[in-house]
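Below is start_19.tsv, holding TSV, C-alpha atoms.
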```tsv
chain	number	residue	atom	x	y	z
A	972	MET	CA	-20.90	-5.37	-13.53
A	973	SER	CA	-21.51	-2.46	-11.14
A	974	THR	CA	-18.66	-0.28	-9.93
A	975	ILE	CA	-17.57	1.59	-6.83
A	976	ASN	CA	-15.76	4.94	-6.81
A	977	VAL	CA	-12.25	4.87	-5.30
A	978	ASN	CA	-10.08	7.74	-4.12
A	979	VAL	CA	-6.55	7.20	-2.81
A	980	VAL	CA	-5.40	10.38	-1.07
A	981	THR	CA	-2.19	11.39	0.73
A	982	PRO	CA	-1.22	14.62	2.46
A	983	ASP	CA	0.31	15.65	-0.90
A	984	GLY	CA	-2.95	15.13	-2.82
A	985	ALA	CA	-4.84	12.54	-4.83
A	986	VAL	CA	-2.90	9.54	-6.13
A	987	TYR	CA	-5.75	7.61	-7.76
A	988	GLU	CA	-9.38	8.39	-8.58
A	989	GLY	CA	-11.74	6.19	-10.56
A	990	ASP	CA	-14.46	3.59	-10.68
A	991	VAL	CA	-13.53	-0.06	-10.13
A	992	GLU	CA	-15.36	-3.35	-9.72
A	993	MET	CA	-13.44	-4.47	-6.62
A	994	VAL	CA	-10.91	-3.13	-4.13
A	995	SER	CA	-8.55	-5.42	-2.21
A	996	ALA	CA	-6.51	-3.99	0.65
A	997	ARG	CA	-4.63	-5.29	3.66
A	998	SER	CA	-5.98	-3.94	6.93
A	999	GLN	CA	-4.30	-4.49	10.27
A	1000	SER	CA	-6.89	-7.17	11.02
A	1001	GLY	CA	-6.62	-8.98	7.68
A	1002	GLU	CA	-7.34	-8.79	3.96
A	1003	LEU	CA	-10.38	-6.79	2.81
A	1004	GLY	CA	-12.30	-7.44	-0.39
A	1005	ILE	CA	-14.65	-4.55	-1.15
A	1006	LEU	CA	-17.42	-4.70	-3.75
A	1007	PRO	CA	-20.12	-2.14	-4.61
A	1008	GLY	CA	-22.77	-2.08	-1.88
A	1009	HIS	CA	-20.30	-3.05	0.88
A	1010	ILE	CA	-21.40	-2.19	4.42
A	1011	PRO	CA	-19.89	1.00	5.86
A	1012	LEU	CA	-16.51	0.39	7.45
A	1013	VAL	CA	-13.41	2.23	8.68
A	1014	ALA	CA	-10.21	0.25	9.17
A	1015	PRO	CA	-6.50	0.99	9.68
A	1016	LEU	CA	-4.37	-0.20	6.76
A	1017	SER	CA	-1.09	-2.07	6.81
A	1018	VAL	CA	1.77	-1.38	4.43
A	1019	GLY	CA	0.98	-3.18	1.18
A	1020	ALA	CA	-0.38	-3.10	-2.32
A	1021	VAL	CA	-3.99	-2.04	-2.85
A	1022	ARG	CA	-5.46	-3.92	-5.83
A	1023	LEU	CA	-8.07	-2.16	-7.92
A	1024	ASN	CA	-9.89	-4.52	-10.31
A	1025	TYR	CA	-11.67	-3.20	-13.39
A	1026	GLU	CA	-12.58	-5.00	-16.62
A	1027	SER	CA	-10.27	-7.97	-15.95
A	1028	ARG	CA	-7.31	-5.66	-15.25
A	1029	VAL	CA	-5.65	-5.04	-11.92
A	1030	HIS	CA	-4.21	-1.64	-11.06
A	1031	LEU	CA	-1.84	-1.57	-8.09
A	1032	VAL	CA	-1.11	1.24	-5.66
A	1033	ALA	CA	1.63	0.91	-3.02
A	1034	VAL	CA	0.19	2.22	0.26
A	1035	ASN	CA	2.13	3.05	3.41
A	1036	GLY	CA	-0.39	2.75	6.22
A	1037	GLY	CA	-3.35	5.01	6.78
A	1038	PHE	CA	-7.06	4.23	6.83
A	1039	VAL	CA	-9.73	2.95	4.48
A	1040	GLU	CA	-13.26	4.34	4.69
A	1041	VAL	CA	-15.89	2.25	2.92
A	1042	ARG	CA	-19.38	3.38	2.02
A	1043	PRO	CA	-21.83	1.45	-0.18
A	1044	ASP	CA	-20.90	3.52	-3.26
A	1045	SER	CA	-17.36	4.73	-2.50
A	1046	VAL	CA	-14.00	3.83	-0.97
A	1047	THR	CA	-11.59	6.45	0.31
A	1048	ILE	CA	-8.07	5.49	1.26
A	1049	LEU	CA	-6.28	8.09	3.37
A	1050	ALA	CA	-2.65	7.02	3.29
A	1051	GLU	CA	0.54	8.39	4.78
A	1052	SER	CA	2.04	7.86	1.32
A	1053	ALA	CA	0.91	6.06	-1.82
A	1054	GLU	CA	2.41	5.48	-5.27
A	1055	THR	CA	1.25	4.03	-8.55
A	1056	PRO	CA	3.77	1.91	-10.53
A	1057	SER	CA	4.74	4.85	-12.75
A	1058	GLN	CA	5.58	6.98	-9.69
A	1059	ILE	CA	7.95	4.45	-8.11
A	1060	ASP	CA	11.70	4.89	-8.45
A	1061	VAL	CA	12.65	1.20	-8.45
A	1062	ASP	CA	16.38	1.81	-7.95
A	1063	ARG	CA	15.62	3.96	-4.91
A	1064	ALA	CA	13.25	1.27	-3.56
A	1065	ARG	CA	15.93	-1.41	-4.03
A	1066	ARG	CA	18.49	0.71	-2.15
A	1067	ALA	CA	15.94	1.24	0.65
A	1068	LYS	CA	15.33	-2.52	0.75
A	1069	GLU	CA	19.07	-3.21	1.07
A	1070	ARG	CA	19.44	-0.61	3.85
A	1071	ALA	CA	16.49	-2.10	5.73
A	1072	GLU	CA	17.87	-5.63	5.39
A	1073	ASP	CA	21.24	-4.42	6.71
A	1074	ARG	CA	19.53	-2.69	9.68
A	1075	ILE	CA	17.56	-5.84	10.47
A	1076	GLU	CA	20.74	-7.90	10.43
A	1077	ARG	CA	22.52	-5.37	12.69
A	1078	ALA	CA	19.48	-5.20	15.00
A	1079	LYS	CA	20.13	-8.80	15.92
A	1080	GLN	CA	23.58	-7.76	17.18
A	1081	GLU	CA	23.07	-4.15	18.30
A	1082	GLU	CA	20.34	-2.00	19.80
A	1083	ILE	CA	18.78	-0.79	16.56
A	1084	ASN	CA	15.03	-0.36	16.33
A	1085	TYR	CA	14.08	-3.73	14.80
A	1086	LYS	CA	10.41	-2.84	14.24
A	1087	ARG	CA	11.32	0.34	12.35
A	1088	ALA	CA	13.72	-1.61	10.13
A	1089	GLN	CA	11.02	-4.22	9.42
A	1090	LEU	CA	8.55	-1.51	8.36
A	1091	ALA	CA	11.15	0.09	6.08
A	1092	LEU	CA	11.78	-3.29	4.47
A	1093	GLN	CA	8.07	-3.93	4.03
A	1094	ARG	CA	7.59	-0.51	2.36
A	1095	ALA	CA	10.51	-1.09	-0.02
A	1096	VAL	CA	9.36	-4.60	-0.99
A	1097	THR	CA	5.81	-3.35	-1.61
A	1098	ARG	CA	7.06	-0.55	-3.85
A	1099	ILE	CA	9.22	-2.98	-5.87
A	1100	GLU	CA	6.31	-5.42	-6.27
A	1101	VAL	CA	3.85	-2.69	-7.31
A	1102	ALA	CA	6.36	-1.40	-9.86
A	1103	GLY	CA	6.38	-4.89	-11.39
A	1104	GLU	CA	10.06	-5.51	-10.80
```
Re-express the file's structure as structure tokens.
Amino acid sequence: MSTINVNVVTPDGAVYEGDVEMVSARSQSGELGILPGHIPLVAPLSVGAVRLNYESRVHLVAVNGGFVEVRPDSVTILAESAETPSQIDVDRARRAKERAEDRIERAKQEEINYKRAQLALQRAVTRIEVAGE
């Protein structure tokens, strides 16, 4: 099967580089499935796991927003932050999840930024899922 080159980049540098058979990512307008030869596209990404399929294996990268640029032979993901499973501190992600859940609960009673708390929760849950926990 043919492959497409993928680069996941953050302001701190490259997080993932390699050839894959398929890229799946969540854009703000819905789920994207990208195969070699895909039409050119630029789309804003949502917080979520990017799935990189190669030889019946799936590699996950937790992505916190950013953009995906698709060309027929390459995909570049420019993310605010991104982590592979080995880079994720699961205990830290669980603590962040608990803090976000507490903020969401308080937001119902106080004037706390509910949207910000939801995004923090979504980031923490994504990191925990990508880490396989």
For Leu1016 (chain A), find every residue with an atom within 10 Å (counting only C-alpha atoms), except residues of its own chain fewer than 2 positions away, and show them as a list of chain:residue names.
A:Ala996, A:Arg997, A:Ser998, A:Gln999, A:Ser1000, A:Gly1001, A:Glu1002, A:Leu1003, A:Val1013, A:Ala1014, A:Val1018, A:Gly1019, A:Val1021, A:Val1034, A:Asn1035, A:Gly1036, A:Gly1037, A:Phe1038, A:Val1039, A:Ile1048, A:Leu1049, A:Ala1050
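Closest approach to Leu1031 (chain A) among A:Leu1012, A:Arg1063, A:Thr1055, A:Pro1007 is made by A:Thr1055 (distances from only C-alpha atoms).
CA of Ala1095 (chain A) is positioned 9.0 Å from CA of Val1061 (chain A).
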Top pick for closest residue to Leu1090 (chain A), considering A:Ala1064, A:Ala1071, A:Ala1078, A:Val1032 and counting all atoms listed in the file
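For Leu1090 (chain A), the nearest of the given residues is A:Ala1071.
With distances restricted to all atoms listed in the file, A:Ile1099 is the closest residue to Asp1060 (chain A) from A:Ile1099, A:Ile1075, A:Leu1092, A:Met993.
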Separation of CA of Val1046 (chain A) and CA of Arg1087 (chain A), in Å?
28.8 Å
Put region 1010-1051 of chain A into a file with N, CA and C atoms, as a PDB file, in the first residue's frame.
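Ended up saving to result.pdb:
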```pdb
ATOM      1  N   ILE A1010      -6.673  15.455  -1.777  1.00  0.00           N
ATOM      2  CA  ILE A1010      -6.663  16.808  -2.335  1.00  0.00           C
ATOM      3  C   ILE A1010      -6.055  17.779  -1.316  1.00  0.00           C
ATOM      4  N   PRO A1011      -5.422  18.853  -1.780  1.00  0.00           N
ATOM      5  CA  PRO A1011      -4.868  19.830  -0.848  1.00  0.00           C
ATOM      6  C   PRO A1011      -5.958  20.418   0.046  1.00  0.00           C
ATOM      7  N   LEU A1012      -5.578  20.649   1.301  1.00  0.00           N
ATOM      8  CA  LEU A1012      -6.550  21.079   2.300  1.00  0.00           C
ATOM      9  C   LEU A1012      -5.802  21.720   3.465  1.00  0.00           C
ATOM     10  N   VAL A1013      -6.387  22.750   4.058  1.00  0.00           N
ATOM     11  CA  VAL A1013      -5.928  23.308   5.324  1.00  0.00           C
ATOM     12  C   VAL A1013      -7.152  23.396   6.218  1.00  0.00           C
ATOM     13  N   ALA A1014      -7.027  22.885   7.453  1.00  0.00           N
ATOM     14  CA  ALA A1014      -8.170  22.898   8.359  1.00  0.00           C
ATOM     15  C   ALA A1014      -7.703  23.096   9.793  1.00  0.00           C
ATOM     16  N   PRO A1015      -8.489  23.850  10.593  1.00  0.00           N
ATOM     17  CA  PRO A1015      -8.171  23.981  12.017  1.00  0.00           C
ATOM     18  C   PRO A1015      -8.512  22.676  12.737  1.00  0.00           C
ATOM     19  N   LEU A1016      -7.645  22.277  13.666  1.00  0.00           N
ATOM     20  CA  LEU A1016      -7.853  21.030  14.405  1.00  0.00           C
ATOM     21  C   LEU A1016      -8.493  21.288  15.757  1.00  0.00           C
ATOM     22  N   SER A1017      -9.239  20.302  16.220  1.00  0.00           N
ATOM     23  CA  SER A1017      -9.774  20.308  17.575  1.00  0.00           C
ATOM     24  C   SER A1017      -8.809  19.538  18.471  1.00  0.00           C
ATOM     25  N   VAL A1018      -8.989  19.671  19.775  1.00  0.00           N
ATOM     26  CA  VAL A1018      -8.215  18.863  20.710  1.00  0.00           C
ATOM     27  C   VAL A1018      -8.618  17.412  20.514  1.00  0.00           C
ATOM     28  N   GLY A1019      -7.643  16.527  20.366  1.00  0.00           N
ATOM     29  CA  GLY A1019      -7.964  15.114  20.195  1.00  0.00           C
ATOM     30  C   GLY A1019      -6.746  14.295  19.821  1.00  0.00           C
ATOM     31  N   ALA A1020      -6.994  13.019  19.618  1.00  0.00           N
ATOM     32  CA  ALA A1020      -5.931  12.099  19.237  1.00  0.00           C
ATOM     33  C   ALA A1020      -5.851  12.013  17.718  1.00  0.00           C
ATOM     34  N   VAL A1021      -4.653  12.192  17.188  1.00  0.00           N
ATOM     35  CA  VAL A1021      -4.404  11.962  15.765  1.00  0.00           C
ATOM     36  C   VAL A1021      -3.974  10.505  15.645  1.00  0.00           C
ATOM     37  N   ARG A1022      -4.607   9.766  14.744  1.00  0.00           N
ATOM     38  CA  ARG A1022      -4.302   8.348  14.542  1.00  0.00           C
ATOM     39  C   ARG A1022      -3.502   8.198  13.253  1.00  0.00           C
ATOM     40  N   LEU A1023      -2.350   7.551  13.385  1.00  0.00           N
ATOM     41  CA  LEU A1023      -1.459   7.335  12.257  1.00  0.00           C
ATOM     42  C   LEU A1023      -1.382   5.830  12.013  1.00  0.00           C
ATOM     43  N   ASN A1024      -1.968   5.374  10.907  1.00  0.00           N
ATOM     44  CA  ASN A1024      -2.029   3.934  10.613  1.00  0.00           C
ATOM     45  C   ASN A1024      -0.894   3.527   9.682  1.00  0.00           C
ATOM     46  N   TYR A1025      -0.195   2.441  10.076  1.00  0.00           N
ATOM     47  CA  TYR A1025       0.878   1.907   9.241  1.00  0.00           C
ATOM     48  C   TYR A1025       1.045   0.429   9.536  1.00  0.00           C
ATOM     49  N   GLU A1026       0.956  -0.386   8.506  1.00  0.00           N
ATOM     50  CA  GLU A1026       1.130  -1.840   8.614  1.00  0.00           C
ATOM     51  C   GLU A1026       0.291  -2.439   9.740  1.00  0.00           C
ATOM     52  N   SER A1027      -0.992  -2.157   9.732  1.00  0.00           N
ATOM     53  CA  SER A1027      -1.959  -2.690  10.700  1.00  0.00           C
ATOM     54  C   SER A1027      -1.701  -2.248  12.133  1.00  0.00           C
ATOM     55  N   ARG A1028      -0.880  -1.231  12.330  1.00  0.00           N
ATOM     56  CA  ARG A1028      -0.652  -0.666  13.668  1.00  0.00           C
ATOM     57  C   ARG A1028      -1.160   0.770  13.669  1.00  0.00           C
ATOM     58  N   VAL A1029      -1.575   1.221  14.823  1.00  0.00           N
ATOM     59  CA  VAL A1029      -2.038   2.592  14.972  1.00  0.00           C
ATOM     60  C   VAL A1029      -1.147   3.292  15.994  1.00  0.00           C
ATOM     61  N   HIS A1030      -0.528   4.375  15.573  1.00  0.00           N
ATOM     62  CA  HIS A1030       0.249   5.227  16.463  1.00  0.00           C
ATOM     63  C   HIS A1030      -0.623   6.429  16.793  1.00  0.00           C
ATOM     64  N   LEU A1031      -0.648   6.814  18.062  1.00  0.00           N
ATOM     65  CA  LEU A1031      -1.471   7.937  18.494  1.00  0.00           C
ATOM     66  C   LEU A1031      -0.593   9.109  18.908  1.00  0.00           C
ATOM     67  N   VAL A1032      -1.082  10.303  18.623  1.00  0.00           N
ATOM     68  CA  VAL A1032      -0.440  11.534  19.071  1.00  0.00           C
ATOM     69  C   VAL A1032      -1.546  12.431  19.624  1.00  0.00           C
ATOM     70  N   ALA A1033      -1.405  12.845  20.887  1.00  0.00           N
ATOM     71  CA  ALA A1033      -2.367  13.774  21.487  1.00  0.00           C
ATOM     72  C   ALA A1033      -2.045  15.169  20.963  1.00  0.00           C
ATOM     73  N   VAL A1034      -3.045  15.833  20.365  1.00  0.00           N
ATOM     74  CA  VAL A1034      -2.838  17.143  19.755  1.00  0.00           C
ATOM     75  C   VAL A1034      -3.773  18.148  20.413  1.00  0.00           C
ATOM     76  N   ASN A1035      -3.198  19.295  20.767  1.00  0.00           N
ATOM     77  CA  ASN A1035      -3.966  20.377  21.372  1.00  0.00           C
ATOM     78  C   ASN A1035      -4.130  21.486  20.347  1.00  0.00           C
ATOM     79  N   GLY A1036      -5.163  21.379  19.533  1.00  0.00           N
ATOM     80  CA  GLY A1036      -5.459  22.416  18.551  1.00  0.00           C
ATOM     81  C   GLY A1036      -4.397  22.557  17.481  1.00  0.00           C
ATOM     82  N   GLY A1037      -4.485  23.633  16.733  1.00  0.00           N
ATOM     83  CA  GLY A1037      -3.549  23.882  15.654  1.00  0.00           C
ATOM     84  C   GLY A1037      -4.215  23.717  14.298  1.00  0.00           C
ATOM     85  N   PHE A1038      -3.381  23.397  13.299  1.00  0.00           N
ATOM     86  CA  PHE A1038      -3.876  23.256  11.927  1.00  0.00           C
ATOM     87  C   PHE A1038      -3.273  22.018  11.281  1.00  0.00           C
ATOM     88  N   VAL A1039      -3.998  21.471  10.310  1.00  0.00           N
ATOM     89  CA  VAL A1039      -3.471  20.404   9.473  1.00  0.00           C
ATOM     90  C   VAL A1039      -3.392  20.946   8.049  1.00  0.00           C
ATOM     91  N   GLU A1040      -2.244  20.726   7.420  1.00  0.00           N
ATOM     92  CA  GLU A1040      -2.073  21.073   6.006  1.00  0.00           C
ATOM     93  C   GLU A1040      -1.869  19.759   5.257  1.00  0.00           C
ATOM     94  N   VAL A1041      -2.718  19.519   4.274  1.00  0.00           N
ATOM     95  CA  VAL A1041      -2.662  18.283   3.498  1.00  0.00           C
ATOM     96  C   VAL A1041      -2.258  18.607   2.071  1.00  0.00           C
ATOM     97  N   ARG A1042      -1.293  17.858   1.588  1.00  0.00           N
ATOM     98  CA  ARG A1042      -0.892  17.880   0.183  1.00  0.00           C
ATOM     99  C   ARG A1042      -0.977  16.443  -0.305  1.00  0.00           C
ATOM    100  N   PRO A1043      -0.976  16.207  -1.605  1.00  0.00           N
ATOM    101  CA  PRO A1043      -1.141  14.829  -2.093  1.00  0.00           C
ATOM    102  C   PRO A1043      -0.108  13.832  -1.543  1.00  0.00           C
ATOM    103  N   ASP A1044       1.097  14.305  -1.207  1.00  0.00           N
ATOM    104  CA  ASP A1044       2.137  13.385  -0.741  1.00  0.00           C
ATOM    105  C   ASP A1044       2.612  13.663   0.681  1.00  0.00           C
ATOM    106  N   SER A1045       1.979  14.627   1.382  1.00  0.00           N
ATOM    107  CA  SER A1045       2.420  14.921   2.747  1.00  0.00           C
ATOM    108  C   SER A1045       1.307  15.543   3.579  1.00  0.00           C
ATOM    109  N   VAL A1046       1.444  15.355   4.903  1.00  0.00           N
ATOM    110  CA  VAL A1046       0.541  15.964   5.872  1.00  0.00           C
ATOM    111  C   VAL A1046       1.412  16.625   6.929  1.00  0.00           C
ATOM    112  N   THR A1047       1.149  17.899   7.175  1.00  0.00           N
ATOM    113  CA  THR A1047       1.852  18.609   8.240  1.00  0.00           C
ATOM    114  C   THR A1047       0.826  19.065   9.258  1.00  0.00           C
ATOM    115  N   ILE A1048       1.067  18.706  10.508  1.00  0.00           N
ATOM    116  CA  ILE A1048       0.201  19.147  11.595  1.00  0.00           C
ATOM    117  C   ILE A1048       1.001  20.136  12.424  1.00  0.00           C
ATOM    118  N   LEU A1049       0.520  21.375  12.454  1.00  0.00           N
ATOM    119  CA  LEU A1049       1.127  22.435  13.257  1.00  0.00           C
ATOM    120  C   LEU A1049       0.251  22.594  14.489  1.00  0.00           C
ATOM    121  N   ALA A1050       0.730  22.088  15.612  1.00  0.00           N
ATOM    122  CA  ALA A1050      -0.088  22.048  16.821  1.00  0.00           C
ATOM    123  C   ALA A1050       0.461  22.959  17.904  1.00  0.00           C
ATOM    124  N   GLU A1051      -0.435  23.473  18.731  1.00  0.00           N
ATOM    125  CA  GLU A1051      -0.013  24.261  19.886  1.00  0.00           C
ATOM    126  C   GLU A1051       0.846  23.404  20.801  1.00  0.00           C
TER     127      GLU A1051
END
```
